[in-house]
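A short write-up of the structure that comes next.
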Amino acid sequence: MKKVISLVLLVTVIMGSLIGCGKKEEASGSKKIVLGIASNEYSQKWMTYLNERTKTYAEELGVETIFTDAKSDSAIQLANVENLIVQGVDAILIVMVDPTAPEPIINACKDAGIPLIGVNRNYKDAEVFVGSDAKSGGIMQMEYMANLLGNEGNIGLMLGTLGQDDTILRTEGNKEVIDKYEGLSIVLEEVGLWDRAKGMEIAENWLQSGVKLDAIVANNDEMAIGAIRALEGAGIKDMPVAAIDGTIDALEYVKNGLMDISLFYSPFRTAEISVDAALKKLKGEEVGQFVEVPFEPVTSENVDKYIAIWE
């Protein structure tokens with residue numbers, strides 16, 4: 001009987017200790033924070049760097065991350081977000097596949113009481129958006145090209161995916177500059193889907209079209225690199241090319257004199273600021289609706305500084 005009583009007491013002490021530890025953990029707020037990452041895709045190079053830095057930076061802060069890939073499909077992304085909610089994440093960082101129709105995802109997060117942080121692509125009614133001022137990037141890029149051409153010339157313009165915020169606003173910025181200078185014209189314009197191979201194909205067709213072309217401006221680095229490869233294939237070495245994003249591949253082209261300018265838009269800072277914004281929201285701290293990650297022009301004069309950032 002004494003053995004039974006001793007055993008009961010021992011079990012009681014152990015259970016009390018476990019419950020006490022659980023209460024202490026809950027009271028101290030030491031429960032690990034989990035961020036859900038609803039990526040639009042994994043294949044685009046800039047997005048790869050963004051995703052990698054999001055993961056490593058969160059780990060440095062003791063925060064867990066769960067990543068999902070929408071494969072550029074808005075229906076898959078909504079399902080991914082719903083799955084993250086079911087898994088009990090504390091907040092969600094999202095690169096919206098379709099910024100023109102964010103309501104189902106916004107509503108799902110609101111209903112679950114989970115903060116939704118928009119990253120890289122702005123969208124209507126975003127609670128918090130971390131990214132660039134895309135239009136200012138387009139203006140900066142085309143002003144540089146206008147100056148390079150002496151405000152006169154025929155320009156071929158490569159667009160990203162239609163309907164996406166960066167495509168719309170970077171292009172608006174480009175055209176705002178074009179409208180300022182009577183001698184500048186966009187004579188060719190085509191959608192390159194942010195893709196290097198597509199950019200090369202478009203540029204090859206342009207060069208064969210017989211249209212006089214003095215420069216190429218692309219909404220991102222990948223299309224610009226494709227254009228440069230087409231120019232190299234045609235033996236053209238002196239046509240100016242401008243890009244945006246400042247990826248390491250593009251910076252090598254700038255260093256070698258094949259690309260005239262790219263605008264560095266840091267995936268690393270974007271990742272860090274996005275994680276910080278989510279954690280502030282969870283603490284009840286004030287976060288602005290738009291948290292800007294500024295563009296920085298990269299030319300042959302300062303390219304080594306930006307290559308070092310990637311390294």
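Residues in the structure tokens are named by chain (A, B, ... in the order shown) and by number from 1 within that chain; ligands are numbered from 1 in the order shown.
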
**Asked** What's the 10 Å shell around Arg229 of chain A, counting only C-alpha atoms, without same-chain residues fewer than 3 positions away, as a list in words?
**Response** Arg196, Ala197, Gly199, Met200, Glu201, Ala203, Glu204, Met223, Ala224, Ile225, Gly226, Glu232, Gly233, Ala234, Gly235, Ile236 and Leu258 of chain A

**Request:** Could you give me, as JSON, numbers by chain, the residues within 8 Å of segment 93-100 of chain A, counting only C-alpha atoms and dropping anything in the same chain fewer than 2 positions from it?
**Result:** {"A": [35, 36, 37, 38, 39, 40, 70, 72, 73, 74, 77, 91, 102, 116, 117, 118, 119, 120, 121, 122, 123, 124, 163, 164, 165, 274, 275, 278]}

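For the pair atom CA of Glu292 of chain A and atom CA of Asp111 of chain A, the interatomic distance is 27.5 Å.
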
**Prompt:** Can you tell me, as JSON, numbers by chain, what residues are no more than 10 Å from Ala250 of chain A when counting only C-alpha atoms, ignoring any on the same chain fewer than 3 positions away?
**Reply:** {"A": [220, 221, 222, 224, 225, 243, 244, 245, 246, 247, 253, 254, 255, 256, 258, 259, 261, 262, 263, 264, 298, 307]}

**Asked** When DSSP works through the backbone of this structure, what residues of segment 72-245 of chain A end up as strand (DSSP E), shown as number ranges by chain?
**Response** A: 91-94, 116-119, 128-131, 153-159, 184-191, 215-218, 241-242

**Complete:** re atom CA of Leu251 of chain A and atom CA of Tyr306 of chain A: distance 7.6 Å

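Atom to atom, atom CA of Leu188 of chain A and atom CA of Gly257 of chain A stand 23.8 Å apart.
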
**Item:** Close residues, Phe268 of chain A itself excluded, 12 Å, only C-alpha atoms, min 6 positions apart in chain, as a PyMOL selection string
**Value:** chain A and resi 46-58+120+131+245-247+274-275+293+309-310

**Request:** Could you give me, as a PyMOL selection string, the residues within 9 Å of Gly156 of chain A, counting only C-alpha atoms and dropping anything in the same chain fewer than 2 positions from it?
**Result:** chain A and resi 154+158+185-190+203+206+213-218

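Residue nearest Glu286 of chain A within the list A:Ala112, A:Ile168, A:Leu149, A:Val128: A:Val128 [criterion: smallest interatomic distance, only C-alpha atoms].
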
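In terms of minimum interatomic distance to Lys180 of chain A, A:Asn151 ranks closest within A:Ser136, A:Asn151, A:Thr161, A:Thr299, counting only C-alpha atoms.
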
**Message:** To test your reading of the structure, identify every residue in segment 91-222 of chain A that backbone DSSP assigns to alpha helix (DSSP H), and report it as a ChimeraX atom specification.
**Reply:** /A:103-112,134-148,165-178,196-209,221-222

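Among the candidate residues A:Val63, A:Ile155, A:Glu41, A:Gly288, the one lying nearest to Ile76 of chain A is A:Glu41, with distances computed using only C-alpha atoms.
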